[in-house]
Amino acid sequence: LTDRLSGVFRSLGGRVQLTEENIQEAMREVRLALLEADVNFKVVKDFTDTVKEKALGTLVMKGVSPAQQVIKVVNDELVHLLGGESTELKLQGQQPAVILMAGLQGSGKTTSSGKLALLLRKQKMKPYLVPADVYRPAAIEQLRTLAKQLDIPCFDSKADMKPADIVQNALMDAKEKQCTVVILDTAGRLHIDEPLMQELRTIKDIAKPQETLFVADAMTGQDAVTVADAFNQQIGITGVVLTKMDGDARGGAALSIKAVTGAPVKFVGMGEKLSEMEVFHPDRIAGRILGMGDVLTLLEKAQSTIEQEEAEALAKKMQKAKFDLEDFRTQMKRMRSMGSFESILKMIPGLGGIAKQLGEMKGHEKEIAKTEAIINSMTMKERRNPDIINPSRKVRIANGSGTKVQDVNQLLRQFDQMRKMMSGMLKGGKGKMPPMPNM
Ligand code: GDP
Ligand code: MG
């Protein structure tokens, strides 16, 4: 998919002028990208119509390549639809402030309640947790355990209490303990049903939450959108927590939910651990939905796993398609030690395919060792400029590394393929790389 989209942008980049036909063609691919990312059909149609209009309107701009124009329009519009700037919680008003967590069973309400408490405490608030799911025996205990782990006060709910009573008493207790924000973890069902909605309405009436966050499992795609719509109509939601974005969900649901309910995604769950929740950044998800990479996250990740300078140098090399066998070897070594290169590659526009290729290599220790041995037998000159490796050099390298000439050939072919992909993806129009604004 990424390849397909990148391909279109590349072909646009090669053209001098952007015709209506070109845009149409690009929009077909954008439409597919969105549908594959699980964006609602109607939302997709509105979106591509808008982009088409805007792309046509910006045709005459100087100093920008057509590909850059289309990409920018697509990206901007997506970020706009996702809510623009990241959307903060609105907790003004009554004290303590109240956040109601609602959603289907297993969507991640309890986990997200704990994560949110941790996040808010980091922002100097004093959170208080309330388990109000009295139906599943383990549910109360689950939140209580999380609270204990975080050392955050938690209401002592009993399974035989009514949720409404729990909430009422919890609010008083939170006030007494001078907490500043109460997080209500509610029950979920497998499907939407009237008793659940009634219960949530009752809780809402009592607690008057400033925020009602719908917790959506990103992996459920379109279903999440339907359910969000129902919750919004029945109880009204003010925001969304999109969980399990650490999986391969593209996050198209984020766009659809916002478009359908008007409620923006405010947080994103990135794993099972309590620290794995992030404030939602529309620009990052936009990149993810389009499969054009997530440059900001890339840079952040790079900072913690490799030295940033090195990451930038690498990105520059990739831009210029100067990535050589020596870099390949360095990265392969690194990958072996921490497996980070693959995840970094995945975030660079258009390089998903290469990441996959490398990913497939991972776990094939023997293959990697062989590849390393072959590269080790090359001179630095050969590594930096593999084109000079002629048949006699190949024989020498094969002998030196205890491999066969076929192996050397295979490696060179693979590498060449990779380099071609990189230069194709990243050079864009005139050697510029459109979708990477921060590099
Ligand atoms: P609830 O029924 O809505 O309260 O859902 P839970 O909070 O109990 O979560 C259900 C399952 O999803 C648990 O196994 C969680 O560990 C898992 N989970 C929740 N959020 C995330 C997330 O962001 N990423 C991943 N990978 N798992 C999550
Ligand atoms: Mg729960």
# chains A, B, ... in the order shown; residues from 1 in each chain; ligands from 1

call {"tool": "residues_near_ligand", "arguments": {"ligand": "ligand 2", "cutoff": "12 Å", "atoms": "only C-alpha atoms and all ligand atoms", "output": "MDAnalysis selection string"}}
result
chainID A and resid 101:114 130:144 146 184:190 215

call {"tool": "closest_residue", "arguments": {"among": "A:Ile368, A:Leu118, A:Ile375, A:Val241", "to": "ligand 1", "atoms": "only C-alpha atoms and all ligand atoms"}}
result
A:Val241

call {"tool": "atom_distance", "arguments": {"atom1": "atom CA of Asp387 of chain A", "atom2": "atom CA of Ala369 of chain A"}}
result
22.6 Å

call {"tool": "residues_around", "arguments": {"residues": "Ala97 of chain A", "least_positions_apart": "2", "cutoff": "8 Å", "atoms": "only C-alpha atoms", "output": "PyMOL selection string"}}
result
chain A and resi 91-95+99+180-182+209-210

call {"tool": "residues_around", "arguments": {"residues": "segment 244-247 of chain A", "least_positions_apart": "4", "cutoff": "7 Å", "atoms": "only C-alpha atoms", "output": "mmCIF file with C-alpha atoms, in the first residue's frame"}}
result
data_model
loop_
_atom_site.group_PDB
_atom_site.id
_atom_site.type_symbol
_atom_site.label_atom_id
_atom_site.label_comp_id
_atom_site.auth_asym_id
_atom_site.auth_seq_id
_atom_site.Cartn_x
_atom_site.Cartn_y
_atom_site.Cartn_z
ATOM 1 C CA ASP A 217 -9.978 -0.504 20.215
ATOM 2 C CA ALA A 218 -8.163 0.613 17.065
ATOM 3 C CA MET A 219 -7.970 -2.972 15.861
ATOM 4 C CA VAL A 268 -3.543 6.933 22.008
ATOM 5 C CA GLY A 269 -2.755 3.646 23.746
ATOM 6 C CA MET A 270 0.520 2.191 22.558
ATOM 7 C CA GLY A 271 0.888 -0.932 24.673
#

call {"tool": "residues_around", "arguments": {"residues": "Asp76 of chain A", "least_positions_apart": "6", "cutoff": "10 Å", "atoms": "only C-alpha atoms", "output": "list in words"}}
result
Val51, Val70, Leu82, Gly84, Pro282, Asp283 and Ala286 of chain A

call {"tool": "closest_residue", "arguments": {"among": "A:Gln168, A:Ser401, A:Thr145, A:Thr87", "to": "ligand 1", "atoms": "only C-alpha atoms and all ligand atoms"}}
result
A:Thr145

call {"tool": "select_by_dssp", "arguments": {"residues": "segment 50-285 of chain A", "states": "helix (DSSP H, G or I)", "output": "number ranges by chain"}}
result
A: 50-57, 66-82, 109-122, 137-150, 163-176, 194-207, 218-220, 222-234, 252-261, 282-285

call {"tool": "atom_distance", "arguments": {"atom1": "atom CA of Glu88 of chain A", "atom2": "atom CA of Val279 of chain A"}}
result
8.2 Å

call {"tool": "closest_residue", "arguments": {"among": "A:Ala398, A:Thr330, A:Ile235, A:Asp407", "to": "Arg383 of chain A", "atoms": "only C-alpha atoms"}}
result
A:Thr330

call {"tool": "closest_residue", "arguments": {"among": "A:Met418, A:Ala230, A:Leu116, A:Met161", "to": "ligand 1", "atoms": "only C-alpha atoms and all ligand atoms"}}
result
A:Leu116
